[in-house]
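In what follows, a structure is listed as structure tokens, so that the remarks can point back to it.
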Protein chains: 2
Amino acid sequence: MTHSDKRAYFFKIDSTIKRIRSFMQKNLTDANIDLTVDQWVVLDHIVPNAGISQNELGTLICKDAPTITRILDILVKKELIVRKMSDMDRRKFILELTPQGKELHKKAFAIIANGRKKSWENLSDKDYDDLVRIMDTIYANVD
Amino acid sequence: MTHSDKRAYFFKIDSTIKRIRSFMQKNLTDANIDLTVDQWVVLDHIVPNAGISQNELGTLICKDAPTITRILDILVKKELIVRKMSDMDRRKFILELTPQGKELHKKAFAIIANGRKKSWENLSDKDYDDLVRIMDTIYANVD
DNA sequence: GTTCAAATATTGTCATGGCAACTATTATTT
DNA sequence: AAATAATAGTTGCCATGACAATATTTGAAC
């Protein structure tokens, strides 16, 4: 890798991820879905993990505890999820989607899936494997 | 690309970039350099572009005008850069590093260069080319 | 030359992210 | 059992990012 290449790679990834986020956000907004991309990520990870705690959710989606708290506050206010006290451990909350939450998740999923498809056009399965390997390698290098 | 792969790629990139940023930040902080990663990026792009305007800088590093304004406010307060009025166009500022700014940039550069090297271990030139191509393709897809 | 449109920068609001401090609860140690 | 440590979650502060609104200045149209 040349010197100038080394300079650019953080910035390259950073600007691309910002652009993808903005694209996904626009798709959601255009579909009249009142969710940010991060709120979507949270919703989408509660669905297959009903009853998950806030900490577990944070670990799962790489967000720290304060960020989880604040996103959940918003989702509760929007009546998309509920925090239930855990009987086992009264420090914990049990997270679940409301009926409206499930409905909105379903609607948003179609939009997001379409966005993922469009954003990956002209790229192959091997590209995907390479991307994952490169991301995982960097992740391990900076751990 | 399989369904489950499609689901994961935004999140994969997002969490990796967060980790890289945190790694670079720790390197700076450990070296007693009072700069955030984004403040570093701004400084580092004024150096080879002395006299650049705020808008041009924003375009260069993919940050919007308000973000540039606020990061520059901080850098001015830290006495690392100065905003000079443009004689050609009184709407514009001309950005330059102070002597302290140049000194800190030099010190930070060594830290960042080392971090880049470490973060890219076990990856090849071809990996870099692939990463850039994939990022550019996605960027174009969502444009 | 005045009017209108565009460009530059700033400010405001809200969402997210990192960090530290804090409360409440549970687990461990003795 | 009491003291201590660890865990779960919240709140505060500041930096960044997206978006909208604004002021100032410049450029274009007439």
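Naming scheme: A, B, ... for chains in displayed order of the structure tokens; residues 1 onward per chain; ligands 1 onward as shown.
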Test item: residues at most 7 Å from stretch 34-42 of chain A, only C-alpha atoms (C1' of nucleotides), excluding those fewer than 3 positions along its chain, as JSON, numbers by chain: {"A": [21, 24, 25, 29, 45, 46, 71]}
Could you write out that same residue set with N, CA, C and O atoms as a PDB file, in the first residue's frame?
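Below you can see selection34.pdb, which holds the result:
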ATOM      1  N   ARG A  21     -26.025   6.020   4.937  1.00  0.00           N
ATOM      2  CA  ARG A  21     -26.997   6.377   5.971  1.00  0.00           C
ATOM      3  C   ARG A  21     -27.996   7.401   5.442  1.00  0.00           C
ATOM      4  O   ARG A  21     -29.207   7.272   5.632  1.00  0.00           O
ATOM      5  N   MET A  24     -30.430   5.766   2.990  1.00  0.00           N
ATOM      6  CA  MET A  24     -31.436   4.965   3.687  1.00  0.00           C
ATOM      7  C   MET A  24     -32.445   5.878   4.389  1.00  0.00           C
ATOM      8  O   MET A  24     -33.646   5.614   4.390  1.00  0.00           O
ATOM      9  N   GLN A  25     -31.922   6.953   4.995  1.00  0.00           N
ATOM     10  CA  GLN A  25     -32.812   7.894   5.682  1.00  0.00           C
ATOM     11  C   GLN A  25     -33.810   8.510   4.713  1.00  0.00           C
ATOM     12  O   GLN A  25     -34.996   8.639   5.011  1.00  0.00           O
ATOM     13  N   THR A  29     -37.818   8.367   4.909  1.00  0.00           N
ATOM     14  CA  THR A  29     -38.594   9.608   4.976  1.00  0.00           C
ATOM     15  C   THR A  29     -39.574   9.708   3.811  1.00  0.00           C
ATOM     16  O   THR A  29     -40.734  10.078   3.996  1.00  0.00           O
ATOM     17  N   HIS A  45     -33.352  -5.107  15.624  1.00  0.00           N
ATOM     18  CA  HIS A  45     -32.657  -6.102  16.430  1.00  0.00           C
ATOM     19  C   HIS A  45     -33.451  -6.537  17.652  1.00  0.00           C
ATOM     20  O   HIS A  45     -33.086  -7.498  18.322  1.00  0.00           O
ATOM     21  N   ILE A  46     -34.523  -5.824  17.958  1.00  0.00           N
ATOM     22  CA  ILE A  46     -35.400  -6.303  19.033  1.00  0.00           C
ATOM     23  C   ILE A  46     -36.331  -7.388  18.483  1.00  0.00           C
ATOM     24  O   ILE A  46     -36.618  -8.372  19.162  1.00  0.00           O
ATOM     25  N   ILE A  71     -32.122   6.269  22.502  1.00  0.00           N
ATOM     26  CA  ILE A  71     -32.891   5.809  21.344  1.00  0.00           C
ATOM     27  C   ILE A  71     -34.168   5.114  21.822  1.00  0.00           C
ATOM     28  O   ILE A  71     -35.251   5.329  21.269  1.00  0.00           O
TER      29      ILE A  71
END
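Residues of chain B having any atom within 10 Å of chain C, counting only C-alpha atoms (C1' of nucleotides), are Lys18, Ser22, Ser53, Gln54, Asn55, Ala65, Pro66, Ile68, Thr69, Arg70, Asp89, Arg90, Arg91, Lys92 and Phe93 of chain B.
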Can I get the selected residues back with C-alpha atoms, as a compact mmCIF listing (two decimals), in the first residue's frame?
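Heads up, here's the output in out.txt:
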# COMPACT_ATOMS: atom_id res chain seq x y z
CA LYS B 18 -16.52 3.57 14.92
CA SER B 22 -11.96 5.21 18.76
CA SER B 53 -12.34 28.56 2.13
CA GLN B 54 -14.73 26.86 4.54
CA ASN B 55 -17.03 25.66 1.78
CA ALA B 65 -21.16 23.90 6.38
CA PRO B 66 -22.46 23.98 9.97
CA ILE B 68 -17.16 22.95 9.41
CA THR B 69 -18.09 26.19 11.17
CA ARG B 70 -18.21 24.48 14.56
CA ASP B 89 -14.92 37.88 -1.76
CA ARG B 90 -15.94 39.26 1.59
CA ARG B 91 -18.30 36.34 2.21
CA LYS B 92 -15.34 33.99 2.41
CA PHE B 93 -12.73 33.23 5.02
Strand (DSSP E) positions in chain A, given as JSON, numbers by chain: {"A": [81, 82, 83, 84, 85, 93, 94, 95, 96, 97]}
When you get a sec, could you note down which chain D residues fall within 10 Å of chain A, using only C-alpha atoms (C1' of nucleotides), as a ChimeraX atom specification? /D:7-11,17-18
Which chain B residues are at most 7 Å from chain A (counting only C-alpha atoms), as a ChimeraX atom specification? /B:1,6,13-17,19-20,23,62,116,118-121,124-125,131,135,138-139,141-142
From stretch 51-139 of chain A, collect each residue whose DSSP state is helix (DSSP H, G or I) and return the set as a PyMOL selection string. chain A and resi 54-61+65-77+99-119+125-139
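In this structure, atom CA of A:Leu72 sits 9.1 Å away from atom CA of A:Leu43.
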